[in-house]
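Here is the structure we will look at.
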Amino acid sequence: MARYLDRDPYLTSSGPGRALGPLRSHHDVVVVGARCAGAATARLLARAGHDVVMVDRSRPSRDTSSTHSLSRGGVVQLARWGLLNRVVASGAPEIRTVTFHHDGEVATHTIKDRAGVDFVVAPRRYVLDELLANAAVAAGARLITDTVVTGLVHDADGRVTGVRSRDADGTERELTARLVIGADGVRSPVARYVDAEVTERYGPTGSCFYTYVGGVPWDGIELHVAENAFAGVFPTHNDEACVWLIRPFDDMRPVIEAGSHRTDAWLDQLDRTVPGLAGRVRGGTFGERLRGYAGLPNHVKRPYGAGWALVGDAGYHRDPITGHGITDAFRDAELVSEAADAVLRGTDEDEAMSRYESQRNAAIELTFGLTRALGAFPEPTDFLETQTRLSKALDAEALALAARPVPGYAGRRPAA
């Protein structure tokens, strides 16, 4: 079980009594954010022998908005890291089929054994994130929760050398480090503090609203394609499924503006666009409120500078219509941890981090383009053709990830 360090015995104050100054400590790496990208990065660096501390404004056991689905590449990463068995043991169902629905036609595909996996998962985030944080702590990383990063520490040359933070009761900390890694999401404070350059920017596209539906015999992933609508089902924990609907912003406006009647407005939109799915949803049970987003960005940021790096949504964000965010986070966590490990062992920082940026940009190029194409909501037949191209790209991505040496295992592949 993770030891959440709300009071950190390894930190020392600048003098007797909190009033004399913030608690201070020094580390190899401070990771800001302890969810998918941050916890994975911290675990990999801790396994490599580095002193790593994670700081998060919340706790990984608290829920967060998510598309939930891991593509094949994300499942490959969990298997390579020896964590896939823990995710399955947590109750996340092994998903082995994907069914497409369009214009009365139904096509079901079995997930074939490629890159060493023959199923995917769509875990609840409060389960997955806590599991990853626990694994990072077990590897030697430290975790400080319920703490907001309020600024960065710089040296005389402007290099980032740490973070300043404050917890819920006002305790201030100054954590210095050789590297600070921002894994703090699409609205990353770290990226804002360093004024990270946006190298690609595209307008926001659709909006998505989802909830969890039980009492229905969900069997595998379902994808429903209609005019200006994309809906789906991801079976998840507790015998429920995440049921979602994505539409262009203007078409989703009745839901966005519905206030306390948002769930009813969402069900009405399901009735209008995918009535077959809507009927089954209405026959189920709703365990939680409707969640969603509108107008999230499509952009790429330069992911490093003097003393800092960005990973996950902090450095690259795309419309969630492709459900690829967790897989992106896992892939980039490995890339940035390799670069950080090299820097900490004496490799030129710009050389190592430039390589990380090049690898990340090459990895996202195709899926980012396909995401934008799907987010433009082409005619359903074109949408399905783009989905086919995406499936092939995701299989190629998974094969490339499976072929990489397993980090921290000296060439041995851990049990999945």
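Residue numbering restarts at 1 for every chain of the structure tokens, chains are lettered A, B, ... in their displayed order, and ligands are numbered from 1 as they appear.
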
- Task: as a PyMOL selection string, please: all residues of range 116-155 of chain A that backbone DSSP puts in strand (DSSP E).
- Result: chain A and resi 142-144+147-154

- Task: Write out as a PyMOL selection string each polymer residue whose atoms come within 9 Å of Tyr356 in chain A, counting only C-alpha atoms; drop sequence neighbours fewer than 5 positions from it.
- Result: chain A and resi 303-304+332+335-336+338-339+351+361

Give one line per residue of range 96-178 of chain A that approaches range 225-243 of chain A to at most 10 Å, naming the two atoms of the closest pair and their distance in Å to one decimal, counting only C-alpha atoms; sort by chain then ascending residue number and deliver it as a tab-separated table.
residue	atom	partner	partner_atom	distance
A:Val98	CA	A:Val233	CA	9.6
A:Thr99	CA	A:Gly232	CA	9.6
A:Phe100	CA	A:Val225	CA	7.6
A:His101	CA	A:Val225	CA	6.2
A:His102	CA	A:Val225	CA	5.3
A:Asp103	CA	A:Ala226	CA	7.3
A:Val121	CA	A:Thr236	CA	7.5
A:Ala122	CA	A:Thr236	CA	5.4
A:Pro123	CA	A:Thr236	CA	5.3
A:Arg124	CA	A:His237	CA	6.3
A:Arg125	CA	A:His237	CA	9.9
A:Val127	CA	A:His237	CA	8.8

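Nearest to Arg345 in chain A of all the residues A:Gly162, A:Gly49, A:Pro248, A:Gly284 is A:Gly49, based on only C-alpha atoms.
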
- Message: Which residues are near range 392-395 of chain A? Cut-off 8 Å, only C-alpha atoms, ignore same chain within fewer than 4 positions. Put them as a PyMOL selection string.
- Response: chain A and resi 71-73+114-115+366-367+388+399

Selection file, N, CA and C atoms, as a PDB file, in the first residue's frame:
ATOM      1  N   SER A  71      -5.793   1.692 -25.354  1.00  0.00           N
ATOM      2  CA  SER A  71      -5.592   0.989 -26.623  1.00  0.00           C
ATOM      3  C   SER A  71      -4.605  -0.141 -26.401  1.00  0.00           C
ATOM      4  N   ARG A  72      -4.380  -0.923 -27.447  1.00  0.00           N
ATOM      5  CA  ARG A  72      -3.481  -2.064 -27.306  1.00  0.00           C
ATOM      6  C   ARG A  72      -2.108  -1.636 -26.781  1.00  0.00           C
ATOM      7  N   GLY A  73      -1.614  -0.487 -27.245  1.00  0.00           N
ATOM      8  CA  GLY A  73      -0.309  -0.022 -26.800  1.00  0.00           C
ATOM      9  C   GLY A  73      -0.254   0.229 -25.309  1.00  0.00           C
ATOM     10  N   ARG A 114      -1.852  -9.743 -30.659  1.00  0.00           N
ATOM     11  CA  ARG A 114      -0.769  -9.015 -31.307  1.00  0.00           C
ATOM     12  C   ARG A 114       0.046  -8.306 -30.238  1.00  0.00           C
ATOM     13  N   ALA A 115       1.330  -8.235 -30.462  1.00  0.00           N
ATOM     14  CA  ALA A 115       2.250  -7.571 -29.527  1.00  0.00           C
ATOM     15  C   ALA A 115       2.171  -8.181 -28.131  1.00  0.00           C
ATOM     16  N   LEU A 366       1.102  10.354 -36.590  1.00  0.00           N
ATOM     17  CA  LEU A 366       0.006   9.727 -37.322  1.00  0.00           C
ATOM     18  C   LEU A 366      -1.288   9.764 -36.527  1.00  0.00           C
ATOM     19  N   THR A 367      -1.231   9.379 -35.245  1.00  0.00           N
ATOM     20  CA  THR A 367      -2.466   9.344 -34.465  1.00  0.00           C
ATOM     21  C   THR A 367      -3.034  10.737 -34.227  1.00  0.00           C
ATOM     22  N   THR A 388     -10.681   2.660 -39.370  1.00  0.00           N
ATOM     23  CA  THR A 388      -9.888   1.503 -39.807  1.00  0.00           C
ATOM     24  C   THR A 388      -8.412   1.869 -39.883  1.00  0.00           C
ATOM     25  N   LEU A 399       3.102  -2.856 -31.511  1.00  0.00           N
ATOM     26  CA  LEU A 399       4.234  -3.704 -31.896  1.00  0.00           C
ATOM     27  C   LEU A 399       5.557  -2.991 -31.625  1.00  0.00           C
TER      28      LEU A 399
END

- Measure the distance from CA of Gly206 in chain A to CA of Ile111 in chain A in Å and round it to one decimal.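 Separating CA of Gly206 in chain A from CA of Ile111 in chain A is a distance of 27.6 Å.
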
- Skip Gly158 in chain A itself and residues of its chain fewer than 5 positions away, then list as an MDAnalysis selection string all residues within 12 Å of it, counting only C-alpha atoms. chainID A and resid 152:153 194 305:308

Keeping N, CA and C atoms for every residue in the selection just given, could you write it to a file as a PDB file, in the first residue's frame?
ATOM      1  N   LEU A 152       7.961  27.835  -9.195  1.00  0.00           N
ATOM      2  CA  LEU A 152       9.204  27.114  -9.436  1.00  0.00           C
ATOM      3  C   LEU A 152      10.368  27.841  -8.781  1.00  0.00           C
ATOM      4  N   VAL A 153      11.419  27.076  -8.506  1.00  0.00           N
ATOM      5  CA  VAL A 153      12.665  27.630  -7.981  1.00  0.00           C
ATOM      6  C   VAL A 153      13.661  27.692  -9.137  1.00  0.00           C
ATOM      7  N   VAL A 194       6.840  27.808 -16.950  1.00  0.00           N
ATOM      8  CA  VAL A 194       8.026  27.880 -17.819  1.00  0.00           C
ATOM      9  C   VAL A 194       7.701  28.490 -19.175  1.00  0.00           C
ATOM     10  N   GLY A 305      13.116  22.115 -21.251  1.00  0.00           N
ATOM     11  CA  GLY A 305      13.938  23.314 -21.200  1.00  0.00           C
ATOM     12  C   GLY A 305      14.969  23.122 -20.108  1.00  0.00           C
ATOM     13  N   ALA A 306      15.612  24.170 -19.682  1.00  0.00           N
ATOM     14  CA  ALA A 306      16.696  24.070 -18.703  1.00  0.00           C
ATOM     15  C   ALA A 306      16.160  23.635 -17.341  1.00  0.00           C
ATOM     16  N   GLY A 307      16.366  22.368 -17.024  1.00  0.00           N
ATOM     17  CA  GLY A 307      15.971  21.840 -15.728  1.00  0.00           C
ATOM     18  C   GLY A 307      14.562  21.315 -15.648  1.00  0.00           C
ATOM     19  N   TRP A 308      13.802  21.353 -16.746  1.00  0.00           N
ATOM     20  CA  TRP A 308      12.411  20.907 -16.686  1.00  0.00           C
ATOM     21  C   TRP A 308      12.028  20.096 -17.917  1.00  0.00           C
TER      22      TRP A 308
END

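In this comparison, which uses only C-alpha atoms, the residue of A:Gly315, A:Gly259, A:Gly283, A:Gly346 approaching Pro297 in chain A most closely is A:Gly315.
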
- Query: Skipping near chain neighbours, those fewer than 4 positions away, what residues fall within 8 Å of range 172-187 of chain A using only C-alpha atoms, listed as an NGL selection string?
  - Reply: :A and (21-35 or 37-38 or 153 or 160-167 or 191 or 307-317 or 340 or 344)

How would the residues just chosen look if you wrote them out with N, CA and C atoms as a short mmCIF file (atom, residue, chain, number, x, y, z; two decimals), in the first residue's frame?
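Result saved to part04.cif:
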data_model
loop_
_atom_site.label_atom_id
_atom_site.label_comp_id
_atom_site.auth_asym_id
_atom_site.auth_seq_id
_atom_site.Cartn_x
_atom_site.Cartn_y
_atom_site.Cartn_z
N GLY A 21 10.10 29.43 8.14
CA GLY A 21 10.33 29.17 6.72
C GLY A 21 9.77 27.84 6.28
N PRO A 22 9.78 27.61 4.98
CA PRO A 22 9.21 26.37 4.44
C PRO A 22 10.09 25.16 4.74
N LEU A 23 9.46 23.99 4.71
CA LEU A 23 10.20 22.74 4.78
C LEU A 23 10.98 22.58 3.48
N ARG A 24 12.19 22.07 3.60
CA ARG A 24 13.04 21.96 2.41
C ARG A 24 13.64 20.56 2.31
N SER A 25 13.83 20.11 1.05
CA SER A 25 14.56 18.87 0.80
C SER A 25 15.06 18.89 -0.63
N HIS A 26 16.03 18.03 -0.92
CA HIS A 26 16.61 17.95 -2.26
C HIS A 26 16.47 16.53 -2.79
N HIS A 27 16.22 16.43 -4.10
CA HIS A 27 15.99 15.14 -4.75
C HIS A 27 16.64 15.14 -6.13
N ASP A 28 16.69 13.96 -6.73
CA ASP A 28 17.13 13.92 -8.12
C ASP A 28 16.05 14.49 -9.03
N VAL A 29 14.80 14.07 -8.80
CA VAL A 29 13.69 14.47 -9.67
C VAL A 29 12.46 14.79 -8.82
N VAL A 30 11.80 15.89 -9.13
CA VAL A 30 10.47 16.18 -8.62
C VAL A 30 9.49 16.00 -9.77
N VAL A 31 8.50 15.14 -9.58
CA VAL A 31 7.45 14.94 -10.58
C VAL A 31 6.19 15.61 -10.05
N VAL A 32 5.67 16.57 -10.79
CA VAL A 32 4.45 17.27 -10.41
C VAL A 32 3.28 16.56 -11.07
N GLY A 33 2.47 15.89 -10.26
CA GLY A 33 1.38 15.07 -10.78
C GLY A 33 1.68 13.61 -10.52
N ALA A 34 0.67 12.87 -10.01
CA ALA A 34 0.90 11.48 -9.62
C ALA A 34 -0.16 10.55 -10.19
N ARG A 35 -0.67 10.90 -11.38
CA ARG A 35 -1.63 10.01 -12.02
C ARG A 35 -0.93 9.23 -13.13
N ALA A 37 0.55 9.63 -16.16
CA ALA A 37 1.86 10.03 -16.66
C ALA A 37 2.86 10.20 -15.52
N GLY A 38 2.46 10.86 -14.44
CA GLY A 38 3.38 11.15 -13.36
C GLY A 38 3.80 9.93 -12.58
N VAL A 153 11.42 27.08 -8.51
CA VAL A 153 12.66 27.63 -7.98
C VAL A 153 13.66 27.69 -9.14
N VAL A 160 15.55 25.95 -13.97
CA VAL A 160 14.62 25.45 -12.97
C VAL A 160 15.35 24.47 -12.07
N THR A 161 15.26 24.70 -10.77
CA THR A 161 15.95 23.85 -9.80
C THR A 161 15.03 23.29 -8.73
N GLY A 162 13.72 23.44 -8.90
CA GLY A 162 12.80 22.88 -7.92
C GLY A 162 11.44 23.52 -7.99
N VAL A 163 10.60 23.18 -6.99
CA VAL A 163 9.24 23.72 -6.92
C VAL A 163 8.96 24.23 -5.52
N ARG A 164 8.06 25.18 -5.44
CA ARG A 164 7.51 25.63 -4.17
C ARG A 164 6.08 25.13 -4.09
N SER A 165 5.65 24.72 -2.91
CA SER A 165 4.30 24.15 -2.79
C SER A 165 3.69 24.52 -1.45
N ARG A 166 2.37 24.32 -1.37
CA ARG A 166 1.64 24.58 -0.13
C ARG A 166 0.54 23.54 0.00
N ASP A 167 0.42 22.94 1.19
CA ASP A 167 -0.62 21.92 1.37
C ASP A 167 -1.89 22.55 1.93
N ALA A 191 3.86 23.85 -17.09
CA ALA A 191 3.99 24.37 -18.46
C ALA A 191 3.73 25.88 -18.49
N GLY A 307 16.37 22.37 -17.02
CA GLY A 307 15.97 21.84 -15.73
C GLY A 307 14.56 21.31 -15.65
N TRP A 308 13.80 21.35 -16.75
CA TRP A 308 12.41 20.91 -16.69
C TRP A 308 12.03 20.10 -17.92
N ALA A 309 10.97 19.31 -17.76
CA ALA A 309 10.39 18.55 -18.87
C ALA A 309 8.90 18.39 -18.61
N LEU A 310 8.16 18.11 -19.67
CA LEU A 310 6.72 17.87 -19.60
C LEU A 310 6.42 16.48 -20.13
N VAL A 311 5.39 15.84 -19.56
CA VAL A 311 5.01 14.51 -20.01
C VAL A 311 3.49 14.38 -19.93
N GLY A 312 2.92 13.51 -20.77
CA GLY A 312 1.47 13.32 -20.78
C GLY A 312 0.75 14.53 -21.33
N ASP A 313 -0.46 14.77 -20.81
CA ASP A 313 -1.28 15.87 -21.30
C ASP A 313 -0.63 17.23 -21.11
N ALA A 314 0.32 17.32 -20.19
CA ALA A 314 1.00 18.60 -19.98
C ALA A 314 1.78 19.04 -21.21
N GLY A 315 2.28 18.06 -22.00
CA GLY A 315 3.09 18.40 -23.16
C GLY A 315 2.42 18.17 -24.49
N TYR A 316 1.35 17.39 -24.50
CA TYR A 316 0.67 17.08 -25.76
C TYR A 316 -0.76 16.69 -25.44
N HIS A 317 -1.71 17.34 -26.09
CA HIS A 317 -3.11 17.01 -25.86
C HIS A 317 -3.86 16.99 -27.17
N ALA A 340 15.60 11.41 -18.78
CA ALA A 340 15.98 11.92 -17.46
C ALA A 340 17.06 11.06 -16.83
N LEU A 344 20.74 12.35 -15.60
CA LEU A 344 21.21 12.16 -14.23
C LEU A 344 22.50 11.35 -14.17
#

- Separating CA of Lys301 in chain A from CA of Glu197 in chain A, to the nearest tenth of an Å, is a gap of 5.5 Å

- Which residues, written as a list in words, have at least one atom at most 10 Å from Tyr210 in chain A, with only C-alpha atoms counted and residues fewer than 3 positions away on the same chain left out?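 The residues that qualify are Ser65, Ser66, Thr67, Val213, Ala231, Gly232, Val233, Ala241, Cys242, Val243, Trp244, Leu245, Ile246, Thr263, Trp266, Glu288, Arg289, Leu290, Arg291, Gly292 and Tyr293 of chain A.
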
Would you put the residues from that selection into a file with C-alpha atoms, as a compact mmCIF listing (two decimals), in the first residue's frame?
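Result file is out08.txt:
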# COMPACT_ATOMS: atom_id res chain seq x y z
CA SER A 65 -12.53 12.70 -15.85
CA SER A 66 -11.29 10.19 -18.40
CA THR A 67 -12.15 8.23 -21.52
CA VAL A 213 -24.48 2.42 -16.57
CA ALA A 231 -21.11 7.04 -29.19
CA GLY A 232 -19.70 4.07 -27.39
CA VAL A 233 -19.50 1.64 -24.52
CA ALA A 241 -19.83 0.49 -18.53
CA CYS A 242 -18.69 3.98 -19.35
CA VAL A 243 -21.28 5.06 -21.95
CA TRP A 244 -20.32 8.18 -23.87
CA LEU A 245 -21.55 10.43 -26.65
CA ILE A 246 -19.33 12.77 -28.70
CA THR A 263 -28.63 13.77 -17.86
CA TRP A 266 -27.98 13.68 -22.80
CA GLU A 288 -23.12 8.62 -10.93
CA ARG A 289 -23.71 12.05 -12.37
CA LEU A 290 -23.06 12.89 -16.00
CA ARG A 291 -19.55 14.12 -16.72
CA GLY A 292 -18.05 15.72 -19.77
CA TYR A 293 -15.99 18.32 -21.54

- Message: Please compute the CA of Val52 in chain A-CA of Ala403 in chain A distance, one decimal, in Å.
- Response: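 Between CA of Val52 in chain A and CA of Ala403 in chain A the gap is 27.1 Å.
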
- Using the chain letters and numbers from this document, which residues of range 240-300 of chain A does DSSP assign to alpha helix (DSSP H), as a ChimeraX atom specification? /A:253-256,262-273,275-282

- Query: Between A:Ala107, A:Asp129, A:Asp264, A:Leu374, which is the closest to Thr205 in chain A once you count only C-alpha atoms?
  - Reply: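 Closest to Thr205 in chain A, using only C-alpha atoms: A:Leu374.
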